[in-house]
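Text of the file structure.cif, holding mmCIF, C-alpha atoms and all ligand atoms:
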```cif
data_model
loop_
_atom_site.label_atom_id
_atom_site.label_comp_id
_atom_site.auth_asym_id
_atom_site.auth_seq_id
_atom_site.Cartn_x
_atom_site.Cartn_y
_atom_site.Cartn_z
CA MET L 29 2.44 8.82 15.84
CA ARG L 30 0.24 5.85 16.77
CA PRO L 31 -0.68 3.38 14.02
CA TRP L 32 -4.18 3.50 12.55
CA ASN L 33 -6.39 0.82 14.07
CA PHE L 34 -9.14 -0.70 11.92
CA SER L 35 -10.29 -3.34 14.40
CA ALA L 36 -14.01 -4.19 14.40
CA GLY L 37 -14.09 -4.20 18.18
CA PRO L 38 -12.76 -3.77 20.71
CA SER L 39 -11.47 -0.98 18.56
CA ALA L 40 -9.72 2.36 18.42
CA LEU L 41 -10.54 4.91 21.12
CA PRO L 42 -9.80 8.61 20.70
CA LEU L 43 -6.22 9.30 21.82
CA GLU L 44 -7.39 12.23 23.95
CA VAL L 45 -9.69 9.91 25.86
CA LEU L 46 -6.89 7.43 26.55
CA GLN L 47 -4.61 10.25 27.65
CA GLN L 48 -7.21 11.69 29.98
CA ALA L 49 -7.93 8.26 31.49
CA ALA L 50 -4.16 7.83 31.95
CA ALA L 51 -3.78 11.24 33.60
CA GLU L 52 -6.65 10.48 35.98
CA MET L 53 -5.64 6.87 36.59
CA THR L 54 -4.37 7.15 40.15
CA ASP L 55 -6.22 10.25 41.30
CA TRP L 56 -9.55 11.18 39.78
CA HIS L 57 -10.20 14.93 40.14
CA GLY L 58 -8.30 15.20 43.42
CA SER L 59 -10.34 12.46 45.07
CA GLY L 60 -7.19 10.51 45.93
CA MET L 61 -8.65 7.46 44.20
CA SER L 62 -8.67 5.79 40.83
CA VAL L 63 -12.18 5.43 39.39
CA MET L 64 -11.55 1.69 39.77
CA GLU L 65 -11.22 2.12 43.52
CA MET L 66 -14.41 4.09 44.15
CA SER L 67 -17.62 2.82 45.62
CA HIS L 68 -20.25 2.80 42.92
CA ARG L 69 -22.59 4.40 45.44
CA GLY L 70 -20.24 7.21 46.46
CA LYS L 71 -20.67 10.80 45.33
CA GLN L 72 -17.77 10.72 42.86
CA PHE L 73 -18.95 7.74 40.87
CA THR L 74 -22.57 8.91 41.06
CA GLN L 75 -21.41 12.10 39.36
CA ILE L 76 -19.53 10.13 36.69
CA ARG L 77 -22.57 7.95 35.96
CA ASP L 78 -25.03 10.85 35.96
CA GLU L 79 -22.85 12.88 33.58
CA ALA L 80 -22.44 9.88 31.28
CA GLU L 81 -26.20 9.45 31.09
CA ALA L 82 -26.86 13.18 30.62
CA ASP L 83 -24.23 13.44 27.87
CA LEU L 84 -25.56 10.36 26.07
CA ARG L 85 -29.11 11.74 26.27
CA GLU L 86 -27.91 15.03 24.82
CA LEU L 87 -25.84 13.42 22.06
CA LEU L 88 -28.67 11.22 20.83
CA ALA L 89 -31.60 13.48 21.80
CA ILE L 90 -33.10 10.61 23.79
CA PRO L 91 -36.70 11.44 24.68
CA GLU L 92 -37.80 11.66 28.31
CA ASP L 93 -40.00 8.58 28.02
CA TYR L 94 -36.94 6.38 27.46
CA GLU L 95 -34.71 4.94 30.17
CA VAL L 96 -30.96 4.76 29.64
CA LEU L 97 -29.53 1.62 31.21
CA PHE L 98 -25.88 0.64 31.61
CA MET L 99 -25.82 -3.14 31.68
CA GLN L 100 -23.35 -6.03 31.42
CA GLY L 101 -23.13 -9.16 29.30
CA GLY L 102 -22.66 -7.39 25.98
CA ALA L 103 -25.06 -7.43 23.09
CA THR L 104 -24.94 -11.23 23.29
CA ALA L 105 -26.63 -11.20 26.69
CA GLU L 106 -29.27 -8.83 25.26
CA ASN L 107 -30.17 -11.63 22.84
CA ALA L 108 -31.66 -13.36 25.86
CA ILE L 109 -32.49 -10.29 27.94
CA VAL L 110 -34.75 -8.82 25.24
CA PRO L 111 -37.08 -11.83 25.00
CA LEU L 112 -36.94 -12.35 28.77
CA ASN L 113 -38.22 -8.79 29.23
CA LEU L 114 -40.56 -8.39 26.29
CA ILE L 115 -41.99 -11.68 25.16
CA GLY L 116 -44.42 -11.85 28.08
CA ARG L 117 -45.78 -8.44 27.15
CA GLY L 118 -48.10 -9.34 24.31
CA LYS L 119 -49.38 -12.54 25.99
CA THR L 120 -48.91 -14.39 22.69
CA GLY L 121 -45.30 -15.39 23.35
CA LYS L 122 -44.48 -14.37 19.79
CA ALA L 123 -41.54 -12.36 18.49
CA ASP L 124 -40.33 -11.73 14.96
CA TYR L 125 -36.77 -11.36 13.68
CA LEU L 126 -35.19 -9.87 10.59
CA LEU L 127 -32.14 -11.81 9.47
CA SER L 128 -29.40 -9.87 7.71
CA GLY L 129 -26.16 -11.50 8.82
CA ILE L 130 -24.31 -13.28 11.59
CA TRP L 131 -25.36 -11.04 14.48
CA SER L 132 -29.09 -11.01 13.76
CA ASN L 133 -28.94 -14.79 13.25
CA LYS L 134 -27.39 -15.17 16.69
CA SER L 135 -30.13 -13.02 18.21
CA HIS L 136 -32.79 -15.08 16.46
CA LYS L 137 -31.26 -18.38 17.59
CA GLU L 138 -31.08 -17.34 21.23
CA ALA L 139 -34.67 -16.03 21.24
CA GLN L 140 -35.97 -19.43 20.16
CA ARG L 141 -35.43 -20.62 23.72
CA TYR L 142 -38.10 -18.23 24.96
CA GLY L 143 -41.12 -18.29 22.70
CA ASP L 144 -42.76 -18.61 19.31
CA ILE L 145 -40.14 -16.96 17.12
CA ALA L 146 -40.63 -16.27 13.41
CA VAL L 147 -38.46 -14.81 10.66
CA ALA L 148 -40.00 -11.61 9.28
CA ALA L 149 -37.58 -11.51 6.34
CA SER L 150 -34.11 -12.78 5.56
CA SER L 151 -31.27 -11.90 3.23
CA GLY L 152 -29.83 -15.39 3.56
CA SER L 153 -30.27 -16.21 -0.11
CA GLU L 154 -28.94 -14.93 -3.39
CA THR L 155 -31.06 -12.19 -4.94
CA ALA L 156 -31.12 -9.94 -7.96
CA LEU L 157 -30.80 -6.25 -7.09
CA ASP L 158 -30.20 -3.37 -9.49
CA GLY L 159 -29.45 -5.82 -12.26
CA ALA L 160 -26.76 -7.70 -10.34
CA THR L 161 -26.73 -10.87 -8.26
CA GLN L 162 -26.18 -10.28 -4.58
CA ALA L 163 -24.75 -13.09 -2.44
CA PRO L 164 -26.47 -14.06 0.84
CA TRP L 165 -25.99 -11.54 3.68
CA THR L 166 -24.68 -8.81 1.38
CA TRP L 167 -27.99 -6.94 1.21
CA PHE L 168 -30.83 -5.94 3.51
CA PRO L 169 -34.39 -7.26 3.01
CA GLY L 170 -36.63 -4.54 1.53
CA ILE L 171 -39.29 -3.22 3.89
CA ASP L 172 -42.00 -4.26 1.42
CA THR L 173 -41.01 -7.92 1.95
CA TRP L 174 -41.23 -7.93 5.76
CA LYS L 175 -43.91 -10.17 7.26
CA VAL L 176 -44.44 -8.98 10.79
CA ARG L 177 -47.16 -10.65 12.87
CA PRO L 178 -49.37 -7.87 14.23
CA ASP L 179 -49.63 -9.67 17.58
CA ALA L 180 -45.88 -10.20 18.00
CA SER L 181 -44.35 -8.85 21.23
CA TYR L 182 -41.64 -7.12 19.22
CA LEU L 183 -39.66 -7.09 15.97
CA HIS L 184 -35.88 -7.37 16.27
CA LEU L 185 -33.29 -6.26 13.74
CA CYS L 186 -29.57 -5.57 13.68
CA SER L 187 -29.03 -2.16 12.10
CA ASN L 188 -25.34 -2.68 11.35
CA GLU L 189 -23.99 -6.16 10.70
CA THR L 190 -20.39 -5.76 11.82
CA ILE L 191 -19.13 -8.84 10.01
CA GLY L 192 -21.01 -8.56 6.71
CA GLY L 193 -20.75 -4.77 6.55
CA VAL L 194 -24.48 -4.30 5.94
CA GLU L 195 -26.17 -1.23 7.45
CA PHE L 196 -29.88 -0.45 7.65
CA SER L 197 -30.74 2.89 9.16
CA ASP L 198 -34.04 3.89 7.61
CA TRP L 199 -36.21 2.20 10.21
CA PRO L 200 -39.86 2.23 9.18
CA ASP L 201 -42.90 3.30 11.11
CA MET L 202 -44.29 -0.06 12.22
CA ALA L 203 -47.76 0.90 10.96
CA SER L 204 -46.32 0.88 7.45
CA VAL L 205 -45.43 -2.81 7.83
CA GLY L 206 -48.91 -3.66 9.10
CA ALA L 207 -47.88 -3.97 12.73
CA PRO L 208 -48.54 -0.61 14.42
CA ASP L 209 -48.46 -2.08 17.94
CA VAL L 210 -45.25 -4.05 17.55
CA PRO L 211 -42.25 -2.32 19.15
CA LEU L 212 -39.05 -2.29 17.12
CA VAL L 213 -35.94 -3.53 18.96
CA VAL L 214 -32.60 -2.65 17.39
CA ASP L 215 -29.11 -4.02 17.96
CA ALA L 216 -27.11 -0.92 16.97
CA SER L 217 -23.83 -2.08 18.55
CA SER L 218 -21.48 -1.30 15.71
CA HIS L 219 -22.83 2.04 14.53
CA PHE L 220 -24.06 3.46 17.81
CA LEU L 221 -23.17 7.19 18.03
CA SER L 222 -21.97 7.23 14.42
CA ARG L 223 -25.25 8.76 13.27
CA SER L 224 -28.46 10.12 14.71
CA ILE L 225 -31.28 7.85 15.85
CA ASP L 226 -35.00 8.41 15.28
CA PHE L 227 -36.51 7.27 18.55
CA SER L 228 -40.02 7.66 17.21
CA ARG L 229 -39.22 4.50 15.22
CA ALA L 230 -37.47 2.32 17.82
CA ALA L 231 -38.72 1.19 21.22
CA ILE L 232 -35.39 -0.31 22.30
CA VAL L 233 -31.92 0.44 20.98
CA TYR L 234 -29.01 -1.43 22.50
CA ALA L 235 -25.28 -1.44 21.87
CA GLY L 236 -22.17 -2.96 23.33
CA ALA L 237 -19.72 -0.13 23.96
CA GLN L 238 -16.56 -1.59 22.47
CA LYS L 239 -16.89 -0.17 18.97
CA ASN L 240 -17.86 3.47 18.99
CA ALA L 241 -18.67 4.18 22.60
CA GLY L 242 -15.95 2.95 24.92
CA PRO L 243 -14.24 -0.16 26.23
CA ALA L 244 -15.78 -3.63 26.43
CA GLY L 245 -17.81 -4.33 29.55
CA VAL L 246 -20.79 -2.03 29.36
CA THR L 247 -23.88 -2.33 27.20
CA MET L 248 -26.09 0.71 26.67
CA VAL L 249 -29.78 -0.12 26.55
CA ILE L 250 -32.23 2.65 25.71
CA VAL L 251 -35.72 1.43 26.41
CA ARG L 252 -39.14 3.05 26.15
CA LYS L 253 -40.67 3.17 29.60
CA ASP L 254 -43.95 1.50 28.69
CA LEU L 255 -42.01 -1.69 27.91
CA LEU L 256 -40.79 -2.07 31.48
CA GLY L 257 -42.45 -4.39 33.95
CA HIS L 258 -43.22 -7.38 31.72
CA ALA L 259 -40.23 -9.62 32.48
CA LEU L 260 -40.88 -13.35 32.62
CA PRO L 261 -40.70 -14.84 36.13
CA VAL L 262 -37.55 -16.73 35.13
CA CYS L 263 -35.75 -13.53 34.07
CA PRO L 264 -32.68 -13.06 36.29
CA SER L 265 -33.40 -10.07 38.50
CA ALA L 266 -30.17 -8.31 37.45
CA PHE L 267 -31.41 -8.52 33.84
CA ASP L 268 -34.94 -7.27 34.48
CA TYR L 269 -35.00 -3.84 32.81
CA SER L 270 -37.42 -2.48 35.42
CA ASN L 271 -35.03 -3.40 38.26
CA VAL L 272 -32.07 -1.85 36.47
CA ALA L 273 -34.06 1.29 35.64
CA ALA L 274 -35.42 1.70 39.16
CA ALA L 275 -31.88 1.49 40.55
CA ASP L 276 -30.33 3.92 38.02
CA SER L 277 -28.24 1.04 36.65
CA MET L 278 -26.97 0.25 40.16
CA PHE L 279 -29.14 -2.81 40.86
CA ASN L 280 -25.82 -4.52 41.34
CA THR L 281 -22.26 -3.21 40.94
CA PRO L 282 -22.07 -1.75 37.43
CA PRO L 283 -18.91 -1.90 35.28
CA THR L 284 -17.69 1.37 36.77
CA TYR L 285 -14.46 1.84 34.84
CA ALA L 286 -16.09 1.04 31.49
CA ILE L 287 -18.88 3.54 32.22
CA TYR L 288 -16.27 6.16 33.14
CA VAL L 289 -14.32 5.71 29.88
CA ALA L 290 -17.56 5.66 27.84
CA GLY L 291 -18.41 8.93 29.60
CA LEU L 292 -15.08 10.39 28.46
CA VAL L 293 -15.90 9.29 24.90
CA PHE L 294 -19.29 11.06 25.15
CA LYS L 295 -17.55 14.28 26.26
CA TRP L 296 -15.03 13.92 23.42
CA LEU L 297 -17.92 13.49 20.96
CA LYS L 298 -19.59 16.64 22.25
CA LYS L 299 -16.31 18.48 21.67
CA GLN L 300 -16.25 17.24 18.07
CA GLY L 301 -19.61 18.92 17.53
CA GLY L 302 -21.87 16.03 18.52
CA VAL L 303 -23.36 13.16 16.58
CA ALA L 304 -24.47 15.22 13.56
CA ALA L 305 -20.95 16.55 13.03
CA MET L 306 -19.50 13.06 13.52
CA GLU L 307 -22.04 11.68 11.06
CA SER L 308 -20.93 14.02 8.30
CA VAL L 309 -17.31 13.02 8.87
CA ASN L 310 -18.38 9.36 8.76
CA VAL L 311 -20.24 9.92 5.48
CA ALA L 312 -17.13 11.50 3.95
CA LYS L 313 -14.85 8.70 5.22
CA ALA L 314 -17.11 5.96 3.85
CA GLN L 315 -17.53 7.78 0.53
CA ALA L 316 -13.77 8.10 0.14
CA LEU L 317 -13.13 4.42 0.80
CA TYR L 318 -16.04 3.02 -1.24
CA SER L 319 -15.36 5.27 -4.19
CA TYR L 320 -11.76 4.11 -4.24
CA LEU L 321 -12.94 0.45 -4.03
CA ASP L 322 -15.36 1.05 -6.90
CA THR L 323 -12.73 2.50 -9.19
CA ALA L 324 -9.83 0.14 -8.40
CA ASP L 325 -9.91 -3.10 -10.40
CA PHE L 326 -7.49 -4.63 -7.94
CA TYR L 327 -10.09 -4.69 -5.12
CA LEU L 328 -13.71 -5.71 -4.78
CA SER L 329 -16.55 -4.68 -2.50
CA THR L 330 -19.47 -7.11 -2.59
CA VAL L 331 -22.13 -5.46 -0.40
CA HIS L 332 -25.14 -4.02 -2.21
CA ALA L 333 -24.44 -0.30 -2.65
CA ALA L 334 -27.61 0.80 -0.83
CA SER L 335 -26.73 -1.33 2.23
CA ARG L 336 -23.05 -0.59 2.57
CA SER L 337 -22.03 0.10 6.14
CA ARG L 338 -20.36 3.39 6.89
CA MET L 339 -18.56 1.75 9.81
CA ASN L 340 -17.44 -1.70 8.67
CA VAL L 341 -16.10 -2.01 5.15
CA PRO L 342 -15.32 -5.57 4.01
CA PHE L 343 -13.30 -5.77 0.81
CA PHE L 344 -11.39 -8.35 -1.18
CA LEU L 345 -8.22 -8.47 -3.20
CA ARG L 346 -9.17 -10.01 -6.53
CA ASP L 347 -6.01 -12.09 -6.25
CA GLU L 348 -6.54 -13.67 -2.85
CA SER L 349 -3.10 -15.25 -2.91
CA LEU L 350 -1.81 -11.78 -1.99
CA ASN L 351 -3.85 -11.58 1.23
CA SER L 352 -1.06 -12.37 3.70
CA GLU L 353 1.37 -10.07 1.95
CA PHE L 354 -1.21 -7.27 2.00
CA LEU L 355 -1.80 -7.75 5.73
CA ALA L 356 1.88 -7.96 6.61
CA GLN L 357 2.75 -4.84 4.64
CA ALA L 358 -0.26 -2.95 5.99
CA ASP L 359 0.82 -3.80 9.51
CA ALA L 360 4.37 -2.64 8.78
CA ALA L 361 2.93 0.60 7.39
CA GLY L 362 1.04 1.23 10.62
CA LEU L 363 -2.38 0.06 9.43
CA MET L 364 -3.51 -2.54 11.93
CA GLN L 365 -6.19 -5.22 12.26
CA LEU L 366 -7.43 -5.22 8.66
CA LYS L 367 -8.00 -8.96 8.41
CA GLY L 368 -11.61 -9.83 7.50
CA HIS L 369 -13.76 -12.00 9.72
CA LYS L 370 -13.08 -15.68 9.07
CA SER L 371 -16.65 -16.31 7.86
CA VAL L 372 -16.32 -13.67 5.13
CA GLY L 373 -12.59 -13.74 4.38
CA GLY L 374 -10.68 -10.95 2.68
CA MET L 375 -10.20 -7.68 4.53
CA ARG L 376 -12.36 -5.46 6.69
CA ALA L 377 -11.68 -1.86 7.58
CA SER L 378 -13.72 -0.68 10.54
CA ILE L 379 -13.74 3.08 10.40
CA TYR L 380 -15.45 4.04 13.63
CA ASN L 381 -15.67 7.54 15.09
CA ALA L 382 -12.15 7.33 16.54
CA VAL L 383 -10.61 6.69 13.09
CA PRO L 384 -10.40 10.11 11.43
CA MET L 385 -10.38 10.91 7.69
CA GLU L 386 -6.59 10.99 7.90
CA GLY L 387 -6.58 7.29 8.83
CA VAL L 388 -8.90 6.45 5.94
CA GLN L 389 -6.67 8.44 3.55
CA ALA L 390 -3.63 6.55 4.85
CA LEU L 391 -5.42 3.27 4.13
CA ILE L 392 -6.42 4.35 0.62
CA SER L 393 -2.86 5.47 -0.20
CA PHE L 394 -1.50 2.18 1.04
CA MET L 395 -4.04 0.27 -1.06
CA GLN L 396 -3.21 2.33 -4.16
CA ASN L 397 0.45 1.71 -3.61
CA PHE L 398 0.02 -2.00 -3.04
CA ALA L 399 -2.14 -2.30 -6.17
CA GLN L 400 0.46 -0.47 -8.24
CA ARG L 401 3.22 -2.74 -7.05
CA HIS L 402 1.21 -5.91 -7.73
CA GLY L 403 -1.08 -4.88 -10.57
N1 LIG N 501 -24.13 -7.49 17.77
C1 LIG N 501 -23.26 -6.89 16.95
C2 LIG N 501 -23.79 -6.08 15.81
C3 LIG N 501 -21.90 -7.02 17.17
O1 LIG N 501 -21.02 -6.42 16.36
C4 LIG N 501 -21.42 -7.76 18.28
C5 LIG N 501 -19.95 -7.90 18.60
N2 LIG N 501 -19.07 -7.84 17.58
C6 LIG N 501 -22.37 -8.38 19.10
C7 LIG N 501 -23.70 -8.22 18.81
C8 LIG N 501 -21.94 -9.19 20.28
O2 LIG N 501 -21.37 -8.36 21.21
P1 LIG N 501 -20.67 -8.91 22.53
O3 LIG N 501 -19.54 -9.77 22.09
O4 LIG N 501 -20.23 -7.69 23.24
O5 LIG N 501 -21.70 -9.67 23.27
#
```
Entire entry expressed as structure tokens:
Amino acid sequence: MRPWNFSAGPSALPLEVLQQAAAEMTDWHGSGMSVMEMSHRGKQFTQIRDEAEADLRELLAIPEDYEVLFMQGGATAENAIVPLNLIGRGKTGKADYLLSGIWSNKSHKEAQRYGDIAVAASSGSETALDGATQAPWTWFPGIDTWKVRPDASYLHLCSNETIGGVEFSDWPDMASVGAPDVPLVVDASSHFLSRSIDFSRAAIVYAGAQKNAGPAGVTMVIVRKDLLGHALPVCPSAFDYSNVAAADSMFNTPPTYAIYVAGLVFKWLKKQGGVAAMESVNVAKAQALYSYLDTADFYLSTVHAASRSRMNVPFFLRDESLNSEFLAQADAAGLMQLKGHKSVGGMRASIYNAVPMEGVQALISFMQNFAQRHG
């Protein structure tokens, strides 16, 4: 049996997907070629790309008035690509950002190169919530505190902070925050395909593939069509959404192998019953792990309960001197990559779609056992 892999990304892929990619490595469907060896414009790869898009559209019920783009540069490049494409739209050069952790802060910092950028709300301070004190970046700013400029070109948020383990999925109607004409742009990298998406609320949703959707190298960008065609003159042509859309993501050579493996993941997801079925498994996995953390005195979870991520679960040993022993023993027990991000410390279990309930149960048993031996 393979060990359980709790990496935050690049992360576990479904074994069946890896096995299929291996079986097709040197000869894809009798073509005599590896997918890596095919022209991106040939009929075989065109079929692979078209099926990947169709399956993704089906999985997420993406409306017809949205383009699905397969891009490169990761979510980090989108931090520049979003303002380059959108900030010219409103003619005010303004864009607003919600800050909820490291990834949204990075997006905000990059955007400052391109316009008049304001913070709509931030969780970067201590706050009192439900009678307890929450540390910075362990909670999500309440919608009633957002200050969105009605003439901003867009509002950006990160809906799952991979490092802090903070998730925000109840995206508001922008009219309810006093900005009905401001499109919402969402970095959903680390919970993409883990739950359904309400596209009536978001104008752009983007995600690097290497968590829930495939290998590193491809970024999925789902963009409402009316937002195309406003790129700044300095926007690199390969990053202009309208160019990429017009060329069916083949404006230049796309990351063909990464798109192929992502496509296999989409087919695997459909076989599991789709995103809704996966979401209920994810709810059960997160509930199991958080309820153990809440009952075990040995461990601590510091994220505000209402903002806890279903995908990335940071936790601490109360006695931090046991951290290296915990990690070494976990590794030996076949539970890999549990070390927390250096900015947060402690541990982090990323329990993406490819980590089943069985893996979460194995982690909980190990944690119980470790606590017993050291409690
Ligand atoms: N946003 C989020 C939420 C992420 O988790 C990551 C990667 N961990 C990024 C952005 C940056 O992605 P990339 O390194 O692929 O550019």
Closest-contact table, region 37-147 of chain L side, partner region 289-296 of chain L, 10 Å, counting only C-alpha atoms, as a tab-separated table:
```
residue	atom	partner	partner_atom	distance
L:Leu41	CA	L:Val293	CA	7.9
L:Pro42	CA	L:Val293	CA	7.4
L:Glu44	CA	L:Trp296	CA	7.8
L:Val45	CA	L:Leu292	CA	6.0
L:Leu46	CA	L:Val289	CA	8.3
L:Gln48	CA	L:Leu292	CA	8.1
L:Ala49	CA	L:Val289	CA	7.1
L:Val63	CA	L:Val289	CA	9.8
L:Ile76	CA	L:Gly291	CA	7.3
L:Arg77	CA	L:Gly291	CA	7.7
L:Asp78	CA	L:Gly291	CA	9.4
L:Glu79	CA	L:Gly291	CA	7.2
L:Ala80	CA	L:Gly291	CA	4.5
L:Glu81	CA	L:Gly291	CA	7.9
L:Ala82	CA	L:Gly291	CA	9.5
L:Asp83	CA	L:Phe294	CA	6.1
L:Leu84	CA	L:Phe294	CA	6.4
L:Arg85	CA	L:Phe294	CA	9.9
L:Glu86	CA	L:Phe294	CA	9.5
L:Leu87	CA	L:Phe294	CA	7.6
```
Original post:
Within 8 Å of ligand LIG 501 (chain N), counting only C-alpha atoms and all ligand atoms: which residues, as a VMD selection string?
Top reply: chain L and resid 36 to 37 101 to 106 131 to 132 186 to 191 215 to 218 235 to 239 244 to 245 247
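Candidate residues L:Leu328, L:Gly121, L:Leu112, L:Pro342 were compared for distance to Lys370 (chain L), and the nearest is L:Pro342, using all atoms listed in the file.
The gap separating CA of Val383 (chain L) from CA of Gly362 (chain L) is 13.1 Å, in Å to one decimal.
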**OP:** Mind checking which residues fall within 12 Å of Thr173 (chain L), counting all atoms listed in the file, ignoring those fewer than 2 positions away in the same chain, and posting them as JSON, numbers by chain?
**Re:** {"L": [126, 147, 148, 149, 150, 151, 168, 169, 170, 171, 175, 176, 204, 205, 206]}
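Using all atoms listed in the file for every distance, the candidate list L:Leu221, L:Ile379, L:Ile250, L:Ala286 yields L:Leu221 as the residue closest to Gly302 (chain L).
Nearest-residue note for Ile109 (chain L): choosing from L:Asp268, L:Ala231, L:Ser59, L:Arg69, the minimum distance belongs to L:Asp268, counting all atoms listed in the file.
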Original post:
How far is it from CA of Tyr320 (chain L) to CA of Ile130 (chain L), in Å with one decimal?
Top reply: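 Here the two named atoms are 26.7 Å from each other.
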Original post:
So how many Å separate CA of Ala273 (chain L) and CA of Glu95 (chain L), to one decimal?
Top reply: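 Spanning CA of Ala273 (chain L) to CA of Glu95 (chain L) is a straight-line distance of 6.6 Å.
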Excluding region 157-165 of chain L and any residue of its chain fewer than 3 positions from it, enumerate the residues within 8 Å of it, using only C-alpha atoms, and give them as a CSV table (one decimal) with C-alpha atoms, keeping the file's coordinate frame.
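Printed below is out_8.csv as written:
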```csv
chain,number,residue,atom,x,y,z
L,128,SER,CA,-29.4,-9.9,7.7
L,129,GLY,CA,-26.2,-11.5,8.8
L,151,SER,CA,-31.3,-11.9,3.2
L,152,GLY,CA,-29.8,-15.4,3.6
L,153,SER,CA,-30.3,-16.2,-0.1
L,154,GLU,CA,-28.9,-14.9,-3.4
L,168,PHE,CA,-30.8,-5.9,3.5
L,192,GLY,CA,-21.0,-8.6,6.7
L,194,VAL,CA,-24.5,-4.3,5.9
L,330,THR,CA,-19.5,-7.1,-2.6
L,331,VAL,CA,-22.1,-5.5,-0.4
L,332,HIS,CA,-25.1,-4.0,-2.2
```
(-12.3, 2.6, 12.9) in this file's frame - what residues fall within 12 Å of it? Use all atoms listed in the file and give the answer as an mmCIF file with C-alpha atoms, in the frame of the given file.
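The resulting file, selection.cif, is shown below:
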```
data_model
loop_
_atom_site.group_PDB
_atom_site.id
_atom_site.type_symbol
_atom_site.label_atom_id
_atom_site.label_comp_id
_atom_site.auth_asym_id
_atom_site.auth_seq_id
_atom_site.Cartn_x
_atom_site.Cartn_y
_atom_site.Cartn_z
ATOM 1 C CA PRO L 31 -0.680 3.380 14.020
ATOM 2 C CA TRP L 32 -4.180 3.500 12.550
ATOM 3 C CA ASN L 33 -6.390 0.820 14.070
ATOM 4 C CA PHE L 34 -9.140 -0.700 11.920
ATOM 5 C CA SER L 35 -10.290 -3.340 14.400
ATOM 6 C CA ALA L 36 -14.010 -4.190 14.400
ATOM 7 C CA GLY L 37 -14.090 -4.200 18.180
ATOM 8 C CA PRO L 38 -12.760 -3.770 20.710
ATOM 9 C CA SER L 39 -11.470 -0.980 18.560
ATOM 10 C CA ALA L 40 -9.720 2.360 18.420
ATOM 11 C CA LEU L 41 -10.540 4.910 21.120
ATOM 12 C CA PRO L 42 -9.800 8.610 20.700
ATOM 13 C CA THR L 190 -20.390 -5.760 11.820
ATOM 14 C CA SER L 218 -21.480 -1.300 15.710
ATOM 15 C CA HIS L 219 -22.830 2.040 14.530
ATOM 16 C CA SER L 222 -21.970 7.230 14.420
ATOM 17 C CA GLN L 238 -16.560 -1.590 22.470
ATOM 18 C CA LYS L 239 -16.890 -0.170 18.970
ATOM 19 C CA ASN L 240 -17.860 3.470 18.990
ATOM 20 C CA ALA L 241 -18.670 4.180 22.600
ATOM 21 C CA ASN L 310 -18.380 9.360 8.760
ATOM 22 C CA LYS L 313 -14.850 8.700 5.220
ATOM 23 C CA ALA L 314 -17.110 5.960 3.850
ATOM 24 C CA ARG L 338 -20.360 3.390 6.890
ATOM 25 C CA MET L 339 -18.560 1.750 9.810
ATOM 26 C CA ASN L 340 -17.440 -1.700 8.670
ATOM 27 C CA VAL L 341 -16.100 -2.010 5.150
ATOM 28 C CA LEU L 363 -2.380 0.060 9.430
ATOM 29 C CA MET L 364 -3.510 -2.540 11.930
ATOM 30 C CA GLN L 365 -6.190 -5.220 12.260
ATOM 31 C CA LEU L 366 -7.430 -5.220 8.660
ATOM 32 C CA ARG L 376 -12.360 -5.460 6.690
ATOM 33 C CA ALA L 377 -11.680 -1.860 7.580
ATOM 34 C CA SER L 378 -13.720 -0.680 10.540
ATOM 35 C CA ILE L 379 -13.740 3.080 10.400
ATOM 36 C CA TYR L 380 -15.450 4.040 13.630
ATOM 37 C CA ASN L 381 -15.670 7.540 15.090
ATOM 38 C CA ALA L 382 -12.150 7.330 16.540
ATOM 39 C CA VAL L 383 -10.610 6.690 13.090
ATOM 40 C CA PRO L 384 -10.400 10.110 11.430
ATOM 41 C CA MET L 385 -10.380 10.910 7.690
ATOM 42 C CA GLU L 386 -6.590 10.990 7.900
ATOM 43 C CA GLY L 387 -6.580 7.290 8.830
ATOM 44 C CA VAL L 388 -8.900 6.450 5.940
ATOM 45 C CA LEU L 391 -5.420 3.270 4.130
#
```
Original post:
Smallest atom-to-atom distance to Asn351 (chain L): which of L:Ala312, L:Leu255, L:Met64, L:Ala399, using all atoms listed in the file?
Top reply: L:Ala399
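Using all atoms listed in the file, the smallest distance between any of L:Ala334, L:Leu350, L:Ala358, L:Ala259 and Lys119 (chain L) comes from L:Ala259.
You can rank L:Met99, L:Ala207, L:Cys263, L:Leu88 by their closest distance to Ile115 (chain L) using only C-alpha atoms, and at the top of that list sits L:Cys263.
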